[in-house]
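File shown: query16.txt. Contents: compact mmCIF, C-alpha atoms and all ligand atoms.
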```txt
# COMPACT_ATOMS: atom_id res chain seq x y z
CA MET L 1 84.75 98.98 115.55
CA LYS L 2 86.29 101.98 117.33
CA ASN L 3 86.05 105.73 116.75
CA ILE L 4 89.38 107.22 115.69
CA LEU L 5 90.06 110.91 115.19
CA VAL L 6 93.14 112.02 113.24
CA ILE L 7 94.11 115.69 113.59
CA GLY L 8 96.09 117.03 110.63
CA SER L 9 95.07 116.30 107.05
CA GLY L 10 98.57 116.66 105.59
CA ALA L 11 100.36 113.71 104.00
CA MET L 12 100.99 111.77 107.22
CA GLY L 13 97.60 112.32 108.87
CA ALA L 14 95.81 111.23 105.71
CA ALA L 15 98.07 108.19 105.21
CA PHE L 16 97.58 107.10 108.84
CA THR L 17 93.81 106.83 108.28
CA ILE L 18 94.38 103.99 105.78
CA PRO L 19 95.45 101.21 108.22
CA CYS L 20 92.84 102.47 110.69
CA LEU L 21 90.10 102.12 108.06
CA ASP L 22 91.43 98.72 106.98
CA ASN L 23 90.85 97.59 110.57
CA ASN L 24 87.20 98.60 110.11
CA HIS L 25 87.25 101.53 112.49
CA LYS L 26 85.16 104.64 112.01
CA VAL L 27 87.77 107.25 111.14
CA THR L 28 87.48 111.04 111.01
CA LEU L 29 90.29 113.18 109.57
CA CYS L 30 90.13 116.78 110.71
CA GLU L 31 92.20 119.82 109.82
CA PRO L 32 92.88 122.58 112.37
CA TYR L 33 94.85 125.01 110.20
CA ASN L 34 94.79 124.66 106.43
CA TYR L 35 91.04 124.82 105.68
CA GLY L 36 91.83 125.28 101.99
CA LEU L 37 93.29 121.79 101.96
CA VAL L 38 90.05 120.25 103.31
CA LYS L 39 88.05 122.11 100.67
CA LYS L 40 90.44 120.91 97.97
CA ILE L 41 90.27 117.27 99.09
CA LEU L 42 86.47 117.28 99.40
CA SER L 43 85.93 119.01 96.06
CA LYS L 44 88.05 116.46 94.16
CA LYS L 45 86.50 113.13 95.23
CA LYS L 46 88.86 112.97 98.22
CA PHE L 47 91.97 113.20 96.03
CA HIS L 48 94.84 114.06 98.36
CA PRO L 49 97.29 116.43 96.64
CA SER L 50 100.42 115.19 98.48
CA LEU L 51 99.62 111.48 98.49
CA LYS L 52 98.40 111.65 94.87
CA LEU L 53 95.56 109.22 95.47
CA ASN L 54 91.89 109.21 96.38
CA LEU L 55 91.30 108.63 100.08
CA PRO L 56 88.74 105.90 100.93
CA LYS L 57 85.07 106.85 100.53
CA LYS L 58 84.21 105.86 104.10
CA LEU L 59 86.71 108.33 105.57
CA VAL L 60 84.99 111.36 107.15
CA ILE L 61 86.90 114.58 106.46
CA LYS L 62 86.12 117.91 108.11
CA LYS L 63 87.50 121.14 109.50
CA PHE L 64 88.45 121.03 113.15
CA SER L 65 85.93 122.54 115.55
CA GLN L 66 85.77 122.38 119.32
CA GLU L 67 82.52 120.36 118.91
CA ILE L 68 84.66 117.43 117.77
CA PHE L 69 85.86 116.85 121.35
CA LYS L 70 82.27 116.38 122.55
CA LYS L 71 82.13 113.07 120.71
CA LYS L 72 83.50 109.93 122.37
CA TRP L 73 86.79 108.88 120.76
CA ASP L 74 88.71 105.65 121.37
CA LEU L 75 91.92 107.13 119.94
CA ILE L 76 93.05 110.58 118.85
CA ALA L 77 96.12 110.76 116.60
CA ILE L 78 98.01 114.01 116.09
CA ALA L 79 99.83 114.40 112.78
CA ILE L 80 100.38 118.11 112.32
CA SER L 81 103.71 119.89 111.88
CA SER L 82 105.65 120.65 115.06
CA ILE L 83 104.95 124.35 114.60
CA GLY L 84 101.23 123.66 115.21
CA ILE L 85 101.63 121.64 118.43
CA ASP L 86 100.95 124.59 120.69
CA LEU L 87 97.66 125.30 118.94
CA ILE L 88 96.56 121.68 119.46
CA ARG L 89 97.76 121.75 123.08
CA GLU L 90 95.38 124.64 123.76
CA LYS L 91 92.50 122.88 122.03
CA LEU L 92 93.14 119.60 123.87
CA GLN L 93 92.67 121.38 127.19
CA GLN L 94 88.93 121.21 126.39
CA LEU L 95 88.96 117.42 126.01
CA LYS L 96 86.90 115.94 128.82
CA SER L 97 87.76 112.25 128.51
CA ASN L 98 91.02 110.45 129.21
CA CYS L 99 91.07 109.09 125.67
CA PRO L 100 94.48 107.78 124.46
CA ILE L 101 96.31 110.31 122.30
CA LEU L 102 98.97 109.20 119.85
CA VAL L 103 101.55 111.79 118.75
CA LEU L 104 102.98 111.24 115.26
CA THR L 105 104.53 114.72 115.01
CA LYS L 106 108.33 114.74 115.06
CA GLY L 107 110.27 117.65 116.52
CA LEU L 108 111.66 119.35 119.62
CA LYS L 109 111.09 122.72 121.16
CA TYR L 110 113.24 125.07 123.21
CA GLU L 111 111.11 126.09 126.17
CA LYS L 112 112.19 129.60 127.20
CA LYS L 113 110.59 129.47 130.65
CA SER L 114 112.46 126.36 131.82
CA LYS L 115 115.45 126.95 129.49
CA ARG L 116 115.39 123.37 128.28
CA ILE L 117 114.65 121.34 125.20
CA ILE L 118 111.28 119.61 125.40
CA THR L 119 109.71 116.89 123.26
CA MET L 120 106.39 117.08 121.43
CA SER L 121 104.58 115.04 124.09
CA GLU L 122 106.04 117.23 126.85
CA GLN L 123 104.87 120.31 124.99
CA LEU L 124 101.36 118.87 124.66
CA ASN L 125 101.35 117.96 128.33
CA SER L 126 102.55 121.34 129.54
CA GLY L 127 99.02 122.69 130.17
CA ASN L 128 96.90 122.23 133.27
CA ARG L 129 95.29 119.10 131.94
CA LYS L 130 97.53 116.01 131.86
CA LEU L 131 96.84 113.96 128.76
CA ASN L 132 97.00 110.22 128.15
CA LEU L 133 99.85 110.42 125.61
CA SER L 134 101.78 107.84 123.61
CA VAL L 135 104.09 108.54 120.69
CA LEU L 136 104.42 106.80 117.33
CA LYS L 137 107.61 107.33 115.31
CA GLY L 138 109.81 105.55 112.82
CA PRO L 139 110.69 105.27 109.14
CA CYS L 140 107.39 105.94 107.41
CA LEU L 141 107.04 107.83 104.16
CA ALA L 142 103.39 108.84 104.05
CA LYS L 143 103.09 108.11 100.32
CA GLU L 144 104.32 104.54 100.85
CA LEU L 145 102.02 103.87 103.81
CA ALA L 146 99.07 105.17 101.80
CA LYS L 147 99.94 102.61 99.10
CA LYS L 148 100.14 99.90 101.78
CA ILE L 149 103.84 99.28 101.25
CA ASN L 150 105.23 97.26 104.20
CA THR L 151 106.13 99.70 106.97
CA SER L 152 107.32 99.29 110.57
CA VAL L 153 107.03 101.93 113.28
CA VAL L 154 107.38 102.04 117.06
CA ILE L 155 104.85 103.15 119.67
CA ALA L 156 106.33 104.31 122.96
CA ASN L 157 104.72 104.73 126.34
CA LYS L 158 106.26 104.30 129.80
CA ASN L 159 103.59 101.66 130.23
CA VAL L 160 104.18 99.31 127.31
CA ASN L 161 100.74 97.71 127.78
CA THR L 162 99.11 101.03 126.89
CA ALA L 163 101.29 101.22 123.77
CA LYS L 164 100.27 97.64 122.90
CA SER L 165 96.57 98.37 123.25
CA ILE L 166 96.94 101.22 120.73
CA GLY L 167 99.04 99.01 118.45
CA LYS L 168 96.24 96.45 118.39
CA LEU L 169 93.87 99.06 116.97
CA ILE L 170 96.07 100.27 114.17
CA SER L 171 98.45 97.49 113.11
CA THR L 172 97.79 95.65 109.86
CA LYS L 173 99.70 93.16 107.72
CA TYR L 174 101.51 96.06 106.05
CA TYR L 175 101.76 98.37 109.11
CA LYS L 176 103.80 96.56 111.75
CA ILE L 177 104.24 98.00 115.22
CA GLU L 178 107.11 97.61 117.66
CA TYR L 179 106.92 98.83 121.26
CA SER L 180 109.17 100.77 123.60
CA ASN L 181 109.01 102.33 127.05
CA ASP L 182 111.72 104.86 126.15
CA VAL L 183 109.43 107.75 125.24
CA ARG L 184 112.19 110.39 125.49
CA GLY L 185 114.68 108.37 123.45
CA VAL L 186 112.13 107.69 120.71
CA GLU L 187 111.14 111.36 120.52
CA ILE L 188 114.71 112.68 120.57
CA CYS L 189 115.89 110.24 117.88
CA SER L 190 112.92 110.87 115.59
CA ALA L 191 113.63 114.60 115.68
CA ILE L 192 117.42 114.79 115.42
CA LYS L 193 117.58 112.30 112.55
CA ASN L 194 116.20 115.15 110.38
CA ILE L 195 119.34 117.15 111.13
CA TYR L 196 121.69 114.20 110.57
CA SER L 197 120.00 113.34 107.26
CA MET L 198 120.85 116.88 106.11
CA ILE L 199 124.49 116.39 107.08
CA ILE L 200 124.65 113.00 105.34
CA GLY L 201 123.10 114.62 102.24
CA ALA L 202 125.93 117.14 102.26
CA GLY L 203 128.57 114.45 101.67
CA GLU L 204 130.47 114.97 98.41
CA GLY L 205 130.03 111.32 97.45
CA LEU L 206 128.67 108.04 98.83
CA ASN L 207 131.99 107.26 100.51
CA THR L 208 131.90 110.51 102.46
CA SER L 209 128.19 110.14 103.24
CA SER L 210 128.72 106.62 104.62
CA SER L 211 131.46 107.87 106.85
CA ILE L 212 129.21 110.71 108.04
CA PHE L 213 126.39 108.18 108.55
CA ARG L 214 128.55 106.17 110.96
CA LYS L 215 129.62 109.28 112.86
CA SER L 216 125.99 110.50 112.97
CA ILE L 217 125.01 107.33 114.84
CA SER L 218 127.71 107.97 117.48
CA GLU L 219 126.51 111.54 117.92
CA MET L 220 122.86 110.41 118.12
CA VAL L 221 123.88 108.04 120.92
CA TYR L 222 125.62 110.88 122.76
CA LEU L 223 122.66 113.26 122.37
CA THR L 224 120.02 110.66 123.21
CA LYS L 225 121.84 109.78 126.42
CA PHE L 226 122.38 113.48 127.21
CA PHE L 227 118.60 113.98 127.01
CA LYS L 228 118.02 110.90 129.20
CA GLY L 229 116.95 108.49 126.49
CA LYS L 230 118.34 104.96 126.07
CA GLU L 231 121.25 104.10 123.78
CA GLU L 232 119.43 101.04 122.39
CA THR L 233 116.68 103.31 121.01
CA VAL L 234 119.19 104.87 118.58
CA TYR L 235 119.65 101.43 116.97
CA GLY L 236 115.89 100.94 116.60
CA LEU L 237 113.22 102.19 114.19
CA ALA L 238 113.06 105.74 115.57
CA GLY L 239 116.84 106.19 115.24
CA LEU L 240 118.84 104.24 112.70
CA GLY L 241 115.69 103.12 110.84
CA ASP L 242 114.34 106.61 110.35
CA LEU L 243 117.78 108.06 109.60
CA TYR L 244 118.19 105.58 106.73
CA VAL L 245 114.94 106.56 105.00
CA SER L 246 115.52 110.30 105.51
CA ALA L 247 119.09 110.16 104.29
CA LEU L 248 118.14 108.25 101.13
CA GLY L 249 115.62 110.79 99.97
CA GLY L 250 113.40 113.60 101.07
CA ARG L 251 113.58 117.30 101.68
CA ASN L 252 116.18 117.30 104.48
CA SER L 253 118.83 115.39 102.56
CA LYS L 254 118.07 117.48 99.44
CA MET L 255 118.75 120.65 101.42
CA GLY L 256 121.91 118.97 102.75
CA GLU L 257 123.00 118.39 99.15
CA TYR L 258 122.74 122.13 98.41
CA LEU L 259 124.58 123.00 101.61
CA GLY L 260 127.30 120.52 100.63
CA LYS L 261 127.62 122.28 97.26
CA GLY L 262 128.44 125.52 99.05
CA PHE L 263 125.08 127.30 99.13
CA THR L 264 124.05 129.03 102.35
CA PHE L 265 120.74 127.82 103.81
CA LYS L 266 118.80 130.98 102.92
CA LYS L 267 120.10 131.03 99.36
CA ALA L 268 119.36 127.33 98.79
CA LYS L 269 115.89 127.67 100.29
CA LYS L 270 114.99 130.65 98.11
CA LYS L 271 116.56 129.30 94.92
CA PHE L 272 115.57 125.62 95.01
CA MET L 273 113.11 124.84 97.81
CA SER L 274 111.08 128.00 98.44
CA LYS L 275 107.78 126.14 98.88
CA ASP L 276 109.12 123.21 100.91
CA THR L 277 109.10 122.83 104.68
CA ILE L 278 112.58 121.66 105.72
CA GLU L 279 111.88 120.14 109.13
CA GLY L 280 115.57 119.60 109.91
CA ALA L 281 116.33 123.27 109.30
CA GLN L 282 113.37 124.40 111.43
CA LEU L 283 114.61 122.14 114.20
CA ALA L 284 118.19 123.43 113.81
CA LEU L 285 116.99 127.02 114.28
CA GLU L 286 114.90 125.98 117.31
CA ILE L 287 117.61 124.10 119.20
CA ALA L 288 120.86 125.79 118.01
CA PRO L 289 121.15 128.37 120.84
CA TYR L 290 120.75 125.65 123.49
CA ILE L 291 122.91 122.94 121.91
CA LEU L 292 125.77 125.25 120.92
CA LYS L 293 125.92 126.66 124.43
CA LYS L 294 125.09 123.75 126.71
CA ILE L 295 126.63 120.68 125.09
CA ASN L 296 130.31 119.90 124.61
CA ASN L 297 130.55 120.73 120.89
CA LYS L 298 133.55 118.40 120.42
CA LYS L 299 131.32 115.41 121.22
CA ILE L 300 128.86 116.40 118.48
CA SER L 301 131.00 118.06 115.84
CA LEU L 302 128.72 117.20 112.88
CA MET L 303 125.68 118.63 114.64
CA THR L 304 127.69 121.70 115.69
CA ASP L 305 128.87 122.39 112.12
CA LEU L 306 125.34 122.11 110.75
CA LEU L 307 123.73 124.23 113.49
CA LYS L 308 126.31 126.97 112.97
CA ALA L 309 125.78 126.91 109.20
CA ILE L 310 121.99 127.19 109.45
CA SER L 311 121.64 129.54 112.40
CA LYS L 312 124.38 131.91 111.18
CA ASN L 313 123.52 131.39 107.51
CA LYS L 314 127.14 130.51 106.72
CA LYS L 315 128.59 127.96 104.31
CA LEU L 316 128.62 124.47 105.76
CA ASN L 317 132.08 123.33 106.71
CA ILE L 318 131.97 119.71 107.91
CA LYS L 319 135.01 118.56 109.82
CA TRP L 320 134.23 114.94 109.13
N1 LIG W 1 105.34 109.28 113.11
C1 LIG W 1 105.41 108.97 111.84
O1 LIG W 1 105.32 107.81 111.42
C2 LIG W 1 105.59 110.09 110.87
C3 LIG W 1 105.89 109.84 109.52
C4 LIG W 1 106.03 110.92 108.67
C5 LIG W 1 105.90 112.21 109.14
N2 LIG W 1 105.64 112.41 110.47
C6 LIG W 1 105.50 113.75 111.05
O2 LIG W 1 104.15 114.18 110.90
C7 LIG W 1 104.11 115.62 110.86
C8 LIG W 1 103.31 116.06 109.63
O3 LIG W 1 104.01 115.63 108.47
P1 LIG W 1 103.32 115.69 107.03
O4 LIG W 1 104.23 115.00 106.09
O5 LIG W 1 101.90 115.28 107.11
O6 LIG W 1 103.38 117.27 106.72
P2 LIG W 1 102.40 118.11 105.81
O7 LIG W 1 103.13 119.37 105.50
O8 LIG W 1 101.87 117.29 104.68
O9 LIG W 1 101.14 118.44 106.77
C9 LIG W 1 101.32 119.31 107.86
C10 LIG W 1 100.05 119.37 108.70
O10 LIG W 1 100.30 120.30 109.78
C11 LIG W 1 99.36 121.38 109.69
N3 LIG W 1 100.02 122.64 110.04
C12 LIG W 1 101.03 123.25 109.38
N4 LIG W 1 101.34 124.41 110.00
C13 LIG W 1 100.52 124.51 111.06
C14 LIG W 1 100.34 125.49 112.10
N5 LIG W 1 101.10 126.58 112.14
N6 LIG W 1 99.40 125.26 113.04
C15 LIG W 1 98.64 124.14 113.01
N7 LIG W 1 98.75 123.18 112.04
C16 LIG W 1 99.67 123.37 111.11
C17 LIG W 1 98.91 121.39 108.22
O11 LIG W 1 97.69 122.07 108.07
C18 LIG W 1 98.83 119.90 107.95
O12 LIG W 1 97.67 119.35 108.53
C19 LIG W 1 105.57 116.07 110.84
O13 LIG W 1 105.98 116.41 112.14
C20 LIG W 1 106.33 114.84 110.38
O14 LIG W 1 107.65 114.77 110.85
C21 LIG W 1 105.47 111.39 111.32
```
File written out as structure tokens:
Amino acid sequence: MKNILVIGSGAMGAAFTIPCLDNNHKVTLCEPYNYGLVKKILSKKKFHPSLKLNLPKKLVIKKFSQEIFKKKWDLIAIAISSIGIDLIREKLQQLKSNCPILVLTKGLKYEKKSKRIITMSEQLNSGNRKLNLSVLKGPCLAKELAKKINTSVVIANKNVNTAKSIGKLISTKYYKIEYSNDVRGVEICSAIKNIYSMIIGAGEGLNTSSSIFRKSISEMVYLTKFFKGKEETVYGLAGLGDLYVSALGGRNSKMGEYLGKGFTFKKAKKKFMSKDTIEGAQLALEIAPYILKKINNKKISLMTDLLKAISKNKKLNIKW
């Protein structure tokens, strides 16, 4: 039995505790930001409002406090939104041990100082203290994992043996783990698929969407290689796998549908999705200035069209 800490009590953090508990570990779920959510879960017999089920009784749930890092952990998983990564980076500077940290968060950030796009693990590692980081990505709807529906994801670390030792702790019959040493590729793919699922959602019919799907893969290959990831990663769980699940359903493809119908992003957000976080749109706003300026737009015309539409709040005009 190991001690596992999961930071972020949203849908994914809570769902991730389920395979960990099934492997008989002692699991603590802590929330660094939305304290109201912790109160809500604890007051309703651990009923999680997004997963729509009661979390296991043996799961410990609490607010994040710096005291938490005084305890000895065998694994810390981070499952907060990309917007909160900087907050966690600061807190992790206080961590004394070299405990393995697994980053579930998907996203990219434009770092003003270095004028480059950085991944979530690079952002976490940009402090003084270098952390023992691995990343876990792939096609995983939190609600399905929480119901133990068969799911496969990939853990990446430059040292695959480290990734495998984490996989051993968390894999179950229904939560299968693949391994990769292409950390950059896995992180880039898992982020940009949110943008491509929006573009696929904008297709006027399944024929158009399929055609956009094929072109999206070519562009993902180009971008992944541009950011020094491996082409093969695009065809794996973090790329093609995750693109499939995001394009079939979810908030990004829904927003894409509205964009495809001629709404501007701001109008669609306000009218139909005011309470939803659209990760693909957040990412588009974050990376648009860099991508539109630094990358040959002809090589990534779908991405270019979408970034222009979101960042300039104009109607989407896909030259598919
Ligand atoms: N790796 C995987 O298998 C996998 C699967 C699904 C989702 N995800 C990723 O996990 C992350 C969380 O997804 P989710 O579905 O749980 O989202 P969610 O909206 O249900 O939960 C978001 C979490 O982030 C926290 N948060 C939000 N804003 C914050 C801020 N400003 N500062 C600090 N914390 C903040 C919330 O309090 C909550 O804990 C996303 O990046 C998502 O892409 C990963």
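In this structure, CA of Lys215 (chain L) sits 13.3 Å away from CA of Tyr235 (chain L).
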Problem - Of the listed residues L:Ser246, L:Asn181, L:Ser218, L:Gln123, that which approaches ligand LIG 1 (chain W) most closely, counting only C-alpha atoms and all ligand atoms - result: L:Ser246
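The interatomic distance for the pair CA of Leu104 (chain L) and CA of Leu243 (chain L) works out to 16.2 Å.
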Exercise for the section: Write as a ChimeraX atom specification the residues around ligand LIG 1 (chain W), taking 8 Å as the cut-off and counting all atoms listed in the file. Expected result: /L:7-14,31-35,37,50,79-88,103-107,135-142,153,191,277,279
Problem - Residues within 12 Å of Asn125 (chain L), only C-alpha atoms, excluding chain neighbours under 3 positions, as JSON, numbers by chain - result: {"L": [85, 86, 88, 89, 90, 91, 92, 93, 101, 103, 118, 119, 120, 121, 122, 128, 129, 130, 131, 132, 133, 134]}
Fill in the blank from the handout: Between L:Lys109, L:Lys293, L:Lys2, L:Lys266, smallest distance to Asp74 (chain L) by all atoms listed in the file belongs to L:Lys2
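Residues in contact range of Leu285 (chain L), defined as at most 12 Å between only C-alpha atoms, with sequence neighbours fewer than 6 positions away removed, read Gly107, Leu108, Lys109, Tyr110, Ile195, Phe265, Ile278, Glu279, Ile291, Leu292, Leu306, Leu307, Lys308, Ala309, Ile310, Ser311, Lys312 and Asn313 of chain L.
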